[in-house]
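Trainee: Structure below; questions to follow.
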Amino acid sequence: MNNLEIVNNDEPNDIPNKTINSSNTNKTTADNEAIPILEELDINYLSAEQYYRTNYPEYKIIKFGKIMFVKMGRLLTFNFNKSNNYIPKYSIGPNWYLTLVLLVIIFSLSSLLYKTIFNQLSQFKQVIYFLFVLSIYFLVFCTSLVHPQIIMNKKKNTQEYGFCNICKVYYNPYDKVEHCDMCKVCLPKMDHHCVWMGKCIANENTKYFYGTLIDIGIFYAYIIFCVISFAINGNDKK
C-alpha cells in the first residue's frame, strides 16, 4: 500500500505524475472512446496494443499464432471479452504451480475414503462423494483462472483519485484498491494474495475462493461422518 497515493484534483500542476487537468481528462476520454471494440484478436492486434498502451502502461503482448496473451504485472491474461473492450476473462498467476500441488493434495486426501470404505457405502453416499470431488475441483479451477480484474489507467471523475507509482495507473480511492507486490498489479476489493490459488483473491474470483473453502469443509466433514457411521455399523454387526 505504500506505493499508492491519494491526490486531489485541486492541487497545483507542479506535482509530477499525480494530477490531470480538465483538458487532459477530456482528451483521454475522447481517445478511449475512439478505440474500437475488439472483434477478432488475430485481425485487430494493433487495436489491442493501442488499447493497452493507452489504458495500462506496464503491459506486454505475447502472441502464439492466432492466440494472444497480455502480461500485466506477473499475471498472464487471455480470452478477452469482446463486449467489454479488451478486458480478459481469465488469467494465470505467478504461483500457478502451487495450485497444481493443492489439487494433488485434495486428490490424495479424498482418495483415502475411496481406498478404504468407499465400496462399503451405499450408492447414494457414493454419488454424494463424487459430486463433492467434482465441485471442489471446479471451484479451485474457477478461483485460479477467473481474472480478478486489474485497475486500468482510467481516472475516475471524482474530486480525489489515487495513483500507483509502480503500475502507473489511476483509480478511485473509495474502491478499496491495493497493490499486490507478488502479482505486481493493483486490484479492487482485494482480499489477499493466495499462493495456493496462484494469484490474488479480489473482486471477480472472491466468491469462488470462499465457495471452495466451504465446499472442502463440508466434504471432509462428510468423510468423517461416513467413517464414523461405518465404524458404528461394523461394531453392530459383530
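Each chain in the C-alpha cells gets a letter, A, B, ..., in the order shown, and its residues are numbered from 1; ligands are numbered from 1 in order too.
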As a ChimeraX atom specification, list the residues of stretch 108-236 of chain A assigned to strand (DSSP E or B) by DSSP on the backbone atoms of this structure.
Mentor: /A:146,160-164,169-171,178-180,185-187,190-194,199-202
Trainee: Excluding A:Lys89 and any residue of its chain fewer than 6 positions from it, enumerate the residues within 12 Å of it, using only C-alpha atoms, and give them as a VMD selection string.
Mentor: chain A and resid 69 to 70 76 to 83 142 144 to 150 204 to 205
Trainee: Skipping near chain neighbours, those fewer than 3 positions away, what residues fall within 10 Å of stretch 93-99 of chain A using only C-alpha atoms, listed as a list in words?
Mentor: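 The contact residues come out as Gly73, Arg74, Leu75, Leu76, Thr77, Leu102, Leu103, Val104, Ile105, Val140, Phe141, Thr143, Ser144, Leu145, His147, Met182, Cys183, Lys184, His193, Cys194, Val195, Trp196, Met197, Gly198, Lys199 and Cys200 of chain A.
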Trainee: Grab the residues selected above and save them as a tab-separated table (two decimals), in the first residue's frame with C-alpha atoms.
Mentor:
```tsv
chain	number	residue	atom	x	y	z
A	73	GLY	CA	2.46	-7.33	-13.88
A	74	ARG	CA	3.04	-11.04	-13.25
A	75	LEU	CA	-0.44	-12.06	-14.44
A	76	LEU	CA	-0.78	-13.69	-17.86
A	77	THR	CA	-4.26	-12.82	-19.16
A	102	LEU	CA	-3.11	-28.19	-4.00
A	103	LEU	CA	-5.07	-30.30	-6.49
A	104	VAL	CA	-2.76	-33.26	-5.83
A	105	ILE	CA	-3.25	-32.85	-2.06
A	140	VAL	CA	-10.48	-24.43	-7.47
A	141	PHE	CA	-10.13	-24.06	-11.24
A	143	THR	CA	-10.66	-19.37	-8.41
A	144	SER	CA	-7.26	-19.86	-10.03
A	145	LEU	CA	-8.32	-18.97	-13.59
A	147	HIS	CA	-9.48	-12.87	-13.82
A	182	MET	CA	3.62	-10.57	-5.75
A	183	CYS	CA	1.31	-10.09	-8.74
A	184	LYS	CA	2.73	-6.59	-9.39
A	193	HIS	CA	-2.83	-12.99	-2.21
A	194	CYS	CA	-3.33	-16.77	-2.05
A	195	VAL	CA	-0.27	-18.71	-3.18
A	196	TRP	CA	-2.31	-21.94	-3.29
A	197	MET	CA	-4.68	-20.41	-5.83
A	198	GLY	CA	-1.74	-18.97	-7.74
A	199	LYS	CA	-2.69	-15.30	-7.51
A	200	CYS	CA	-4.70	-12.64	-5.71
```
Trainee: From the set A:Asp175, A:Asp191, A:Glu160, A:Glu49, which residue has the shortest atom-to-atom contact distance to A:Tyr210, counting only C-alpha atoms?
Mentor: A:Asp191
Trainee: Grab the atom CA of A:Ile67 to atom CA of A:Val169 distance for me, in Å with one decimal place.
Mentor: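 Computing the Euclidean distance for atom CA of A:Ile67 and atom CA of A:Val169 yields 26.5 Å.
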Trainee: Go ahead and compute the interatomic distance for atom CA of A:Ser91 and atom CA of A:Pro173, in Å to one decimal.
Mentor: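 Pair atom CA of A:Ser91 / atom CA of A:Pro173 returns 24.6 Å.
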Trainee: List the neighbours of A:Asn55 out to 6 Å using only C-alpha atoms; skip same-chain residues closer than 2 positions along the sequence, and give me the result as a PyMOL selection string.
Mentor: chain A and resi 52-53+152-153
Trainee: Create the file for the chosen residues now, containing C-alpha atoms and written as a short mmCIF file (atom, residue, chain, number, x, y, z; two decimals), in the first residue's frame.
Mentor:
```
data_model
loop_
_atom_site.label_atom_id
_atom_site.label_comp_id
_atom_site.auth_asym_id
_atom_site.auth_seq_id
_atom_site.Cartn_x
_atom_site.Cartn_y
_atom_site.Cartn_z
CA TYR A 52 -3.30 -1.40 -23.54
CA ARG A 53 -0.79 1.30 -24.37
CA MET A 152 -6.56 0.10 -15.63
CA ASN A 153 -5.32 3.62 -16.35
#
```
Trainee: Which residue, A:Tyr208, A:Asn172, A:Ile223, A:Val177, has the smallest gap to A:Met190 when you use only C-alpha atoms?
Mentor: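 Of all the options, A:Val177 lies closest to A:Met190.
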